[in-house]
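Q: This is the content of final-v2.cif (mmCIF, C-alpha atoms):
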```
data_data
#
loop_
_atom_site.label_atom_id
_atom_site.label_comp_id
_atom_site.auth_asym_id
_atom_site.auth_seq_id
_atom_site.Cartn_x
_atom_site.Cartn_y
_atom_site.Cartn_z
CA MET M 660 41.81 -69.15 251.47
CA LYS M 661 40.60 -71.75 253.94
CA LYS M 662 43.06 -73.17 256.44
CA ILE M 663 45.32 -75.83 254.94
CA GLN M 664 45.11 -79.24 256.59
CA MET M 665 47.53 -82.14 256.17
CA VAL M 666 44.39 -84.29 255.98
CA ASP M 667 40.97 -82.63 255.91
CA LEU M 668 38.69 -85.24 257.43
CA LYS M 669 36.09 -82.67 258.48
CA GLY M 670 35.68 -81.43 254.93
CA GLN M 671 35.37 -84.97 253.65
CA TYR M 672 32.78 -85.78 256.33
CA GLN M 673 30.52 -82.94 255.24
CA HIS M 674 29.91 -84.67 251.88
CA ILE M 675 28.84 -87.96 253.47
CA LYS M 676 27.42 -86.65 256.75
CA GLU M 677 23.87 -87.88 256.26
CA ARG M 678 24.92 -91.46 255.41
CA VAL M 679 27.54 -91.61 258.18
CA ASP M 680 25.25 -90.20 260.86
CA SER M 681 22.33 -92.48 260.02
CA SER M 682 24.60 -95.54 259.87
CA ILE M 683 26.16 -94.81 263.25
CA MET M 684 22.75 -94.19 264.81
CA ASN M 685 21.50 -97.47 263.39
CA VAL M 686 24.33 -99.33 265.14
CA ILE M 687 23.57 -97.54 268.41
CA GLU M 688 19.85 -98.26 268.15
CA THR M 689 20.35 -101.95 267.35
CA THR M 690 23.19 -102.25 269.94
CA ALA M 691 25.05 -104.66 267.63
CA PHE M 692 28.38 -103.13 268.56
CA VAL M 693 30.76 -106.04 267.90
CA ASN M 694 30.60 -108.37 264.89
CA GLY M 695 27.23 -106.92 263.95
CA PRO M 696 25.62 -106.79 260.50
CA GLU M 697 27.61 -103.70 259.48
CA VAL M 698 30.87 -105.62 259.87
CA HIS M 699 29.68 -108.56 257.79
CA GLU M 700 28.25 -106.33 255.07
CA PHE M 701 31.44 -104.28 254.91
CA GLN M 702 33.48 -107.46 254.60
CA LYS M 703 31.41 -108.63 251.63
CA GLU M 704 31.46 -105.22 249.93
CA LEU M 705 35.24 -104.91 250.29
CA GLU M 706 35.73 -108.43 248.93
CA GLN M 707 33.72 -107.44 245.88
CA TYR M 708 35.62 -104.16 245.44
CA LEU M 709 39.03 -105.83 245.66
CA ASP M 710 37.99 -109.00 243.81
CA VAL M 711 39.51 -111.08 246.60
CA LYS M 712 37.98 -114.20 248.11
CA HIS M 713 38.42 -113.35 251.78
CA VAL M 714 38.47 -110.13 253.79
CA ILE M 715 38.88 -110.65 257.55
CA PRO M 716 38.31 -107.38 259.45
CA CYS M 717 40.30 -106.73 262.62
CA ALA M 718 41.06 -103.98 265.13
CA ASN M 719 43.89 -102.11 263.36
CA GLY M 720 46.50 -102.34 260.64
CA THR M 721 49.32 -103.47 262.94
CA ASP M 722 47.20 -106.33 264.23
CA ALA M 723 46.37 -107.21 260.63
CA LEU M 724 50.04 -107.62 259.76
CA GLN M 725 50.79 -109.60 262.90
CA ILE M 726 47.81 -111.90 262.43
CA ALA M 727 48.75 -112.51 258.80
CA MET M 728 52.15 -113.75 259.97
CA MET M 729 50.61 -115.82 262.74
CA GLY M 730 48.31 -117.46 260.21
CA LEU M 731 51.27 -118.56 258.10
CA GLY M 732 52.73 -120.45 261.03
CA LEU M 733 56.09 -118.69 261.00
CA LYS M 734 58.38 -119.84 263.80
CA PRO M 735 60.79 -117.93 266.09
CA GLY M 736 64.05 -117.37 264.28
CA ASP M 737 62.52 -117.45 260.81
CA GLU M 738 63.80 -114.53 258.75
CA VAL M 739 61.41 -112.03 257.21
CA ILE M 740 62.72 -109.53 254.64
CA THR M 741 61.20 -106.07 254.47
CA ALA M 742 62.06 -102.47 253.60
CA ASP M 743 64.21 -100.26 255.81
CA PHE M 744 62.32 -97.15 254.69
CA THR M 745 58.82 -97.55 256.10
CA PHE M 746 56.78 -97.09 259.28
CA ALA M 747 57.92 -99.14 262.27
CA ALA M 748 54.77 -101.28 262.44
CA THR M 749 56.04 -103.36 259.52
CA VAL M 750 59.08 -104.55 261.45
CA GLU M 751 57.49 -104.26 264.90
CA VAL M 752 55.25 -107.26 264.41
CA ILE M 753 58.13 -109.35 263.08
CA ALA M 754 60.02 -108.71 266.31
CA LEU M 755 56.95 -109.28 268.51
CA LEU M 756 56.55 -112.77 267.05
CA GLN M 757 60.23 -113.47 267.74
CA LEU M 758 60.93 -113.73 264.05
CA THR M 759 64.13 -112.22 262.68
CA PRO M 760 63.65 -108.97 260.74
CA VAL M 761 65.96 -108.53 257.75
CA LEU M 762 65.91 -104.93 256.60
CA VAL M 763 66.97 -104.04 253.05
CA ASP M 764 67.31 -100.86 251.02
CA VAL M 765 64.71 -99.31 248.74
CA ASP M 766 64.54 -98.05 245.19
CA PRO M 767 65.38 -94.31 244.91
CA ILE M 768 62.59 -93.61 242.43
CA SER M 769 59.62 -95.55 243.82
CA PHE M 770 60.77 -95.64 247.50
CA ASN M 771 59.59 -99.27 247.50
CA ILE M 772 61.69 -102.29 248.43
CA ASP M 773 64.64 -102.97 246.11
CA VAL M 774 64.23 -106.38 244.46
CA GLU M 775 67.97 -106.81 244.00
CA ALA M 776 68.46 -106.17 247.71
CA ILE M 777 65.87 -108.86 248.44
CA LYS M 778 67.80 -111.38 246.38
CA LYS M 779 71.04 -110.62 248.23
CA ALA M 780 69.37 -110.95 251.64
CA ILE M 781 67.89 -114.43 251.18
CA THR M 782 69.37 -117.17 253.37
CA PRO M 783 68.25 -120.72 254.25
CA LYS M 784 66.35 -119.19 257.19
CA THR M 785 64.32 -116.80 255.04
CA LYS M 786 60.62 -117.62 255.09
CA ALA M 787 58.79 -114.49 253.93
CA ILE M 788 59.01 -111.13 252.15
CA VAL M 789 56.94 -108.12 253.20
CA PRO M 790 56.72 -105.53 250.40
CA VAL M 791 55.18 -102.22 251.44
CA HIS M 792 53.16 -100.27 248.88
CA LEU M 793 54.70 -97.11 250.27
CA PHE M 794 52.86 -93.80 250.06
CA GLY M 795 50.25 -95.50 247.83
CA LEU M 796 52.49 -96.71 244.98
CA ALA M 797 52.33 -100.38 244.06
CA ALA M 798 55.58 -102.25 244.68
CA ASN M 799 57.20 -104.40 241.96
CA MET M 800 55.04 -107.44 242.60
CA ASP M 801 56.00 -109.36 239.44
CA GLU M 802 59.62 -109.53 240.54
CA ILE M 803 58.78 -110.11 244.19
CA MET M 804 56.42 -113.00 243.44
CA ALA M 805 59.01 -114.52 241.09
CA ILE M 806 61.66 -114.39 243.82
CA ALA M 807 59.24 -115.90 246.32
CA LYS M 808 58.34 -118.74 243.98
CA GLU M 809 61.99 -119.52 243.25
CA HIS M 810 62.86 -119.71 246.95
CA ASN M 811 59.54 -121.08 248.27
CA LEU M 812 58.78 -117.98 250.35
CA TYR M 813 55.57 -116.36 251.52
CA VAL M 814 54.70 -112.84 250.36
CA ILE M 815 52.83 -110.68 252.87
CA GLU M 816 51.73 -107.38 251.32
CA ASP M 817 51.68 -104.39 253.65
CA ASN M 818 48.88 -102.47 251.94
CA ALA M 819 48.25 -99.98 254.75
CA GLN M 820 48.92 -97.03 252.42
CA GLY M 821 47.88 -98.48 249.08
CA ILE M 822 44.24 -99.53 249.20
CA GLY M 823 42.54 -99.01 245.84
CA ALA M 824 45.77 -98.97 243.83
CA ASP M 825 46.16 -101.21 240.79
CA TYR M 826 49.15 -103.33 239.88
CA ILE M 827 49.54 -104.02 236.17
CA SER M 828 51.55 -107.19 235.60
CA LYS M 829 53.93 -107.76 232.72
CA ASN M 830 51.33 -110.08 231.19
CA GLY M 831 48.80 -107.22 231.10
CA THR M 832 46.54 -108.39 233.93
CA THR M 833 45.48 -105.88 236.55
CA LYS M 834 44.90 -106.65 240.22
CA LYS M 835 44.35 -104.49 243.26
CA THR M 836 47.30 -104.20 245.60
CA GLY M 837 46.76 -106.49 248.55
CA THR M 838 45.38 -109.32 246.41
CA ILE M 839 48.59 -110.54 244.78
CA GLY M 840 50.68 -112.05 247.59
CA HIS M 841 49.75 -115.01 249.77
CA VAL M 842 48.17 -112.67 252.31
CA SER M 843 47.88 -108.93 252.86
CA SER M 844 47.15 -106.44 255.61
CA THR M 845 45.67 -102.96 255.56
CA SER M 846 44.86 -100.16 257.95
CA PHE M 847 41.71 -98.06 258.23
CA PHE M 848 43.33 -95.40 260.42
CA PRO M 849 41.36 -92.16 259.92
CA SER M 850 43.97 -90.50 257.69
CA LYS M 851 44.16 -93.43 255.26
CA ASN M 852 42.56 -93.20 251.80
CA LEU M 853 39.81 -95.44 253.19
CA GLY M 854 39.73 -94.51 256.86
CA CYS M 855 37.27 -94.96 259.67
CA TYR M 856 36.74 -92.70 262.70
CA GLY M 857 38.95 -94.67 265.05
CA ASP M 858 41.14 -97.72 264.58
CA GLY M 859 40.47 -100.53 262.15
CA GLY M 860 42.19 -102.96 259.84
CA ALA M 861 41.74 -106.05 257.70
CA ILE M 862 43.54 -109.06 256.27
CA PHE M 863 43.03 -110.20 252.66
CA THR M 864 43.74 -113.59 251.10
CA ASN M 865 42.59 -115.86 248.29
CA ASP M 866 43.65 -118.96 250.26
CA ASP M 867 40.61 -120.68 251.80
CA ASP M 868 42.59 -122.62 254.41
CA LEU M 869 44.60 -119.59 255.48
CA ALA M 870 41.43 -117.49 255.74
CA HIS M 871 39.92 -120.12 258.06
CA ILE M 872 42.96 -120.04 260.33
CA ILE M 873 42.99 -116.24 260.45
CA ARG M 874 39.28 -116.04 261.30
CA GLY M 875 40.02 -118.08 264.39
CA ILE M 876 43.09 -116.07 265.35
CA VAL M 877 41.27 -112.71 265.35
CA ASN M 878 38.69 -114.09 267.80
CA HIS M 879 40.74 -115.68 270.59
CA GLY M 880 41.44 -118.76 268.49
CA MET M 881 37.76 -119.73 268.48
CA TYR M 882 35.67 -121.19 265.67
CA VAL M 883 33.04 -122.45 268.11
CA ARG M 884 32.35 -120.39 271.21
CA TYR M 885 34.64 -121.36 274.10
CA HIS M 886 36.50 -123.90 271.95
CA HIS M 887 40.01 -122.48 271.46
CA ASP M 888 41.59 -124.41 268.60
CA VAL M 889 44.55 -122.12 267.89
CA VAL M 890 46.43 -119.45 269.84
CA GLY M 891 44.63 -116.25 269.02
CA VAL M 892 44.20 -112.60 269.92
CA ASN M 893 41.30 -110.26 270.50
CA SER M 894 41.23 -108.11 267.36
CA ARG M 895 37.86 -107.22 265.94
CA LEU M 896 36.56 -104.31 263.87
CA ASP M 897 33.68 -102.73 265.78
CA SER M 898 30.37 -102.12 264.08
CA ILE M 899 30.45 -98.32 264.26
CA GLN M 900 33.77 -98.25 262.41
CA ALA M 901 32.43 -100.71 259.85
CA ALA M 902 29.42 -98.45 259.33
CA VAL M 903 31.70 -95.50 258.60
CA LEU M 904 33.77 -97.60 256.19
CA ARG M 905 30.63 -98.78 254.39
CA ALA M 906 29.65 -95.12 253.90
CA LYS M 907 33.10 -94.31 252.47
CA LEU M 908 33.83 -97.39 250.35
CA PRO M 909 31.56 -96.37 247.42
CA HIS M 910 33.56 -93.10 247.25
CA LEU M 911 37.04 -94.66 247.43
CA ASP M 912 37.76 -94.48 243.71
CA ASN M 913 36.63 -90.85 243.64
CA TYR M 914 38.78 -90.10 246.69
CA ASN M 915 41.79 -91.63 244.98
CA THR M 916 41.06 -89.73 241.77
CA ALA M 917 40.91 -86.46 243.71
CA ARG M 918 44.29 -87.26 245.27
CA LYS M 919 45.80 -88.06 241.87
CA LYS M 920 44.49 -84.79 240.42
CA ALA M 921 46.04 -82.85 243.28
CA ALA M 922 49.31 -84.75 242.81
CA GLN M 923 49.31 -83.90 239.12
CA LYS M 924 48.81 -80.21 239.89
CA TYR M 925 51.69 -80.27 242.35
CA SER M 926 53.96 -82.07 239.88
CA ASP M 927 53.07 -79.79 236.95
CA VAL M 928 54.35 -76.80 238.93
CA PHE M 929 57.46 -78.52 240.30
CA LYS M 930 58.40 -80.26 237.04
CA GLY M 931 62.00 -79.73 236.02
CA HIS M 932 62.97 -77.73 239.10
CA LYS M 933 66.63 -78.33 239.89
CA HIS M 934 66.05 -78.58 243.66
CA ILE M 935 62.91 -80.74 243.56
CA ILE M 936 62.34 -84.35 242.55
CA THR M 937 58.65 -85.17 242.23
CA PRO M 938 57.12 -88.60 242.88
CA THR M 939 56.63 -91.00 240.01
CA GLY M 940 54.55 -94.05 239.28
CA CYS M 941 54.77 -96.87 236.79
CA GLY M 942 55.92 -96.29 233.19
CA LYS M 943 52.41 -95.50 232.04
CA CYS M 944 52.21 -92.64 234.54
CA SER M 945 55.54 -91.26 233.40
CA GLU M 946 54.38 -91.19 229.79
CA THR M 947 51.01 -89.59 230.43
CA SER M 948 49.82 -88.45 233.84
CA PHE M 949 48.81 -89.77 237.24
CA GLU M 950 45.17 -89.26 236.35
CA ASN M 951 45.34 -91.88 233.61
CA CYS M 952 46.86 -94.61 235.75
CA ASN M 953 45.86 -96.10 239.06
CA CYS M 954 49.20 -97.57 240.19
CA HIS M 955 49.63 -94.71 242.69
CA VAL M 956 46.82 -93.53 244.96
CA PHE M 957 48.89 -90.91 246.82
CA HIS M 958 48.35 -91.66 250.44
CA GLN M 959 51.27 -89.25 250.62
CA TYR M 960 52.67 -86.84 248.05
CA THR M 961 56.38 -86.93 248.80
CA LEU M 962 59.08 -84.75 247.27
CA ARG M 963 62.84 -85.05 247.45
CA ILE M 964 64.55 -81.73 248.14
CA ILE M 965 68.09 -81.76 246.74
CA ASN M 966 70.92 -79.26 247.17
CA SER M 967 68.75 -77.28 249.52
CA ASP M 968 67.94 -77.37 253.24
CA ARG M 969 64.95 -79.71 253.71
CA ASP M 970 64.70 -79.11 257.46
CA ALA M 971 64.76 -75.35 257.00
CA LEU M 972 61.98 -75.75 254.43
CA VAL M 973 59.91 -77.70 256.95
CA ASN M 974 60.25 -74.84 259.44
CA HIS M 975 59.47 -72.24 256.75
CA LEU M 976 56.29 -74.04 255.70
CA SER M 977 55.18 -74.22 259.32
CA GLU M 978 55.69 -70.48 259.69
CA LYS M 979 53.57 -69.97 256.55
CA GLY M 980 50.71 -72.09 257.88
CA ILE M 981 51.45 -75.07 255.64
CA PRO M 982 51.55 -78.44 257.41
CA CYS M 983 53.96 -81.07 256.11
CA GLY M 984 55.57 -84.31 257.24
CA VAL M 985 58.92 -86.06 257.06
CA TYR M 986 58.14 -89.73 256.48
CA TYR M 987 60.50 -91.07 257.72
CA PRO M 988 63.26 -89.19 259.59
CA ILE M 989 65.12 -92.23 260.98
CA PRO M 990 65.62 -95.49 259.07
CA LEU M 991 64.50 -98.63 260.86
CA HIS M 992 68.00 -100.10 260.96
CA LEU M 993 69.09 -97.14 263.12
CA GLN M 994 66.10 -97.20 265.46
CA LYS M 995 67.14 -98.24 268.99
CA ALA M 996 64.65 -101.10 269.03
CA TYR M 997 65.85 -102.64 265.76
CA LYS M 998 69.59 -101.99 265.61
CA ASP M 999 71.56 -105.11 264.78
CA GLU M 1000 75.23 -105.78 264.23
CA ARG M 1001 74.32 -107.71 261.09
CA TYR M 1002 73.61 -104.45 259.26
CA ASN M 1003 76.19 -102.57 257.22
CA GLU M 1004 75.61 -98.89 256.47
CA LYS M 1005 76.77 -99.25 252.88
CA ASP M 1006 73.75 -101.51 252.25
CA PHE M 1007 71.35 -98.65 253.07
CA ALA M 1008 72.72 -95.90 250.83
CA VAL M 1009 69.34 -94.97 249.32
CA THR M 1010 67.43 -94.97 252.60
CA ASN M 1011 70.13 -92.92 254.31
CA GLN M 1012 69.85 -90.36 251.52
CA LEU M 1013 66.06 -90.26 251.47
CA ILE M 1014 65.74 -89.49 255.17
CA GLU M 1015 67.66 -86.26 254.52
CA GLU M 1016 65.60 -85.23 251.48
CA VAL M 1017 61.96 -86.32 251.70
CA ILE M 1018 59.07 -84.06 252.60
CA SER M 1019 55.38 -84.91 252.28
CA LEU M 1020 52.91 -82.17 251.40
CA PRO M 1021 49.23 -81.84 252.31
CA MET M 1022 47.31 -84.53 250.44
CA HIS M 1023 43.61 -85.25 250.75
CA THR M 1024 40.34 -85.15 248.88
CA GLU M 1025 39.48 -81.54 249.74
CA LEU M 1026 42.58 -79.72 248.44
CA ASP M 1027 41.65 -76.82 246.16
CA ASP M 1028 43.57 -74.91 243.51
CA GLU M 1029 44.10 -71.85 245.69
CA GLN M 1030 45.72 -73.95 248.41
CA ILE M 1031 47.91 -75.84 245.93
CA LYS M 1032 49.03 -72.55 244.36
CA TYR M 1033 49.99 -71.13 247.75
CA ILE M 1034 51.85 -74.31 248.78
CA THR M 1035 53.81 -74.65 245.54
CA GLU M 1036 54.72 -70.96 245.33
CA THR M 1037 55.91 -70.97 248.94
CA ILE M 1038 58.16 -73.99 248.32
CA ILE M 1039 59.61 -72.71 245.03
CA ASN M 1040 60.30 -69.26 246.48
CA PHE M 1041 62.19 -70.86 249.37
CA VAL M 1042 64.35 -73.36 247.46
CA THR M 1043 65.32 -70.87 244.76
CA LYS M 1044 66.26 -67.93 246.98
#
```
Can the structure from this file be put into structure tokens for me?

A:
Amino acid sequence: MKKIQMVDLKGQYQHIKERVDSSIMNVIETTAFVNGPEVHEFQKELEQYLDVKHVIPCANGTDALQIAMMGLGLKPGDEVITADFTFAATVEVIALLQLTPVLVDVDPISFNIDVEAIKKAITPKTKAIVPVHLFGLAANMDEIMAIAKEHNLYVIEDNAQGIGADYISKNGTTKKTGTIGHVSSTSFFPSKNLGCYGDGGAIFTNDDDLAHIIRGIVNHGMYVRYHHDVVGVNSRLDSIQAAVLRAKLPHLDNYNTARKKAAQKYSDVFKGHKHIITPTGCGKCSETSFENCNCHVFHQYTLRIINSDRDALVNHLSEKGIPCGVYYPIPLHLQKAYKDERYNEKDFAVTNQLIEEVISLPMHTELDDEQIKYITETIINFVTK
């Protein structure tokens, strides 16, 4: 059996090596390193893939989220509601802009932001909601958009883990995550489902005026060289990274399908185990299988380990040569940087439980049946002993 990787980027590279190498060499030979043709072509191709009017590439996913908020003109003190159970970048940019983060609990099944908790957290100072499509599963956008409309709030989708996922609305329409809210951000960090070979990110929107503002912000506030019309930042996707992303984008659906197939194999083995709760998707997934629905693209495959020692399992897997991750071990409301006397522990019951139970298994496009068999058998043998 080949060595198990949490993410096997080398194996993935071997399948696209010729295209990647030639594209990178073309950038080097033309010396169009910043804002070159590869960036513009990638922008257009991603717009077409997502069916969104505007893709604005930038330097990384955290910048993308910050710039999205800057583009909306949010002011210091404005409250922004987001999930307590997510990576720190989501709340980090809120604090950096001197906005007020309002953390709320998540749903125990989807791990995504709890819509009832959103409703309870809204005040006259609330200006925006940031749903995170956590681990690759689309958040409940119908309910979130309805809440936003009722209270005249912006919705900023954090799509760093969900690119390529579909959201099926109650009315039957299907849209890609990241194209539903007023604006969205994503990350092209190497381990993402669509990742480059360094840092990269992008902002999506269907709003022409907002897209214009954001295009200035990413480039020092300039629309005409040396004319600084808005306060901006320096956040651009370089051409080599765009070339890598162009090579990968045509394979994204296949990558996501491979992840869903691996997830299904994991879940088939773990199904019904009294110590293991497997990830779920929308109702259609529950009735059939992950392979027949695209609401979850499995950036992570995350189990809940119940009535067993999750931390001991982590150590056991490491001893057996199986990498894993605990995403996330500390809720944001307990992080030193984001503690606030406004928070009450009883409002974070689900998050506080999840941090004790979750474990993410190897998940990537190159997983094979032998590896999955070894991983699942090792876990089951441990939790049932």

Q: Would you translate the PyMOL selection byres ((chain M and resi 1018-1032) around 8) into the concrete set of residues it matches in this file, as a PyMOL selection string?

A: chain M and resi 660-661+663-667+670-671+914-915+917-918+921-922+924-925+957-964+969+973+981-986+1016-1017+1033-1036

Q: Using all atoms listed in the file, give me every residue within 12 Å of (37.6, -111.8, 239.5) in file coordinates, as an MDAnalysis selection string.

A: chainID M and resid 706:712 832:835 838 865

Q: Report as a list of chain:residue names all protein, DNA and RNA residues lying within 10 Å of stretch 673-681 of chain M, evaluated on only C-alpha atoms, omitting residues in the same chain fewer than 3 positions from it.

A: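 Here the answer would be M:Leu668, M:Lys669, M:Gly670, M:Met684, M:Asn685, M:Val686, M:Ile687, M:Ile899, M:Ala902, M:Val903, M:Leu904, M:Arg905, M:Ala906, M:Lys907, M:His910.
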
Q: Name every residue that the PyMOL selection byres ((chain M and resi 933) around 10) selects in this structure, writing the answer as a JSON list (two decimals) with C-alpha atoms, in the frame of the given file with chains first and numbers rising.

A:
```
[["chain", "number", "residue", "atom", "x", "y", "z"],
["M", 929, "PHE", "CA", 57.46, -78.52, 240.30],
["M", 930, "LYS", "CA", 58.40, -80.26, 237.04],
["M", 931, "GLY", "CA", 62.00, -79.73, 236.02],
["M", 932, "HIS", "CA", 62.97, -77.73, 239.10],
["M", 934, "HIS", "CA", 66.05, -78.58, 243.66],
["M", 935, "ILE", "CA", 62.91, -80.74, 243.56],
["M", 936, "ILE", "CA", 62.34, -84.35, 242.55],
["M", 964, "ILE", "CA", 64.55, -81.73, 248.14],
["M", 965, "ILE", "CA", 68.09, -81.76, 246.74],
["M", 966, "ASN", "CA", 70.92, -79.26, 247.17],
["M", 967, "SER", "CA", 68.75, -77.28, 249.52],
["M", 1042, "VAL", "CA", 64.35, -73.36, 247.46],
["M", 1043, "THR", "CA", 65.32, -70.87, 244.76]]
```

Q: Do you know which residues are at most 12 Å from stretch 795-797 of chain M counting only C-alpha atoms, after dropping those on the same chain fewer than 2 positions away, and could you put them as a ChimeraX atom specification?

A: /M:768-772,790-793,799-801,803,816-828,833-839,845,851-853,915,918-919,922,938-941,944,949,952-961,1022

Q: Please compute the atom CA of M:Ala727-atom CA of M:Ser844 distance, one decimal, in Å.

A: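 Separation between atom CA of M:Ala727 and atom CA of M:Ser844: 7.0 Å.
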
Q: For stretch 693-711 of chain M, take all atoms listed in the file, fit an axis-aligned box around them, add 6 Å to each of the six sides, then output centre and edge lengths in Å rounded to one decimal, as JSON.

A:
```
{"center_x": 32.6, "center_y": -107.4, "center_z": 255.9, "size_x": 25.9, "size_y": 19.4, "size_z": 36.1}
```

Q: Between atom CA of M:Val714 and atom CA of M:Thr864, measure the distance and give it in Å to one decimal.

A: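 These atoms are spaced 6.9 Å apart.
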
Q: Kindly resolve the PyMOL selection byres ((chain M and resi 856) around 9) on the present coordinates and return the residues as a count of residues only.

A: 12

Q: Counting all atoms listed in the file, find residues at most 12 Å from (52.2, -121.9, 259.9) (file frame) and give them as a compact mmCIF listing (two decimals) with C-alpha atoms, in the frame of the given file.

A:
```txt
# COMPACT_ATOMS: atom_id res chain seq x y z
CA ILE M 726 47.81 -111.90 262.43
CA ALA M 727 48.75 -112.51 258.80
CA MET M 728 52.15 -113.75 259.97
CA MET M 729 50.61 -115.82 262.74
CA GLY M 730 48.31 -117.46 260.21
CA LEU M 731 51.27 -118.56 258.10
CA GLY M 732 52.73 -120.45 261.03
CA LEU M 733 56.09 -118.69 261.00
CA LYS M 734 58.38 -119.84 263.80
CA PRO M 735 60.79 -117.93 266.09
CA ASP M 737 62.52 -117.45 260.81
CA LYS M 786 60.62 -117.62 255.09
CA ALA M 787 58.79 -114.49 253.93
CA TYR M 813 55.57 -116.36 251.52
CA ASP M 868 42.59 -122.62 254.41
CA LEU M 869 44.60 -119.59 255.48
CA ILE M 872 42.96 -120.04 260.33
CA ILE M 873 42.99 -116.24 260.45
CA VAL M 889 44.55 -122.12 267.89
CA VAL M 890 46.43 -119.45 269.84
```

Q: Interatomic distance between atom CA of M:Pro990 and atom CA of M:Val789?

A: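 Straight-line distance from atom CA of M:Pro990 to atom CA of M:Val789 works out to 16.4 Å.
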
Q: Which of these, M:Ala971, M:Ile788, M:Leu911, M:Ala747, has the shortest distance to M:Asp773 once you count only C-alpha atoms?

A: M:Ile788

Q: With only C-alpha atoms as the basis for distance, which of M:Gly875, M:Gly860, M:Pro988, M:Gly980 is at the shortest distance from M:Cys717?

A: M:Gly860

Q: Just checking: using all atoms listed in the file, which residue out of M:His713, M:Leu908, M:Val814, M:Gln725 ends up closest to M:Thr741?

A: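 When distances to M:Thr741 are compared using all atoms listed in the file, the smallest one comes from M:Val814.
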
Q: From the list M:Leu762, M:Ala805, M:Val1009, M:Ile862, which residue is nearest M:Gly720 when using only C-alpha atoms?

A: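 The shortest atom-to-atom distance to M:Gly720 comes from M:Ile862.
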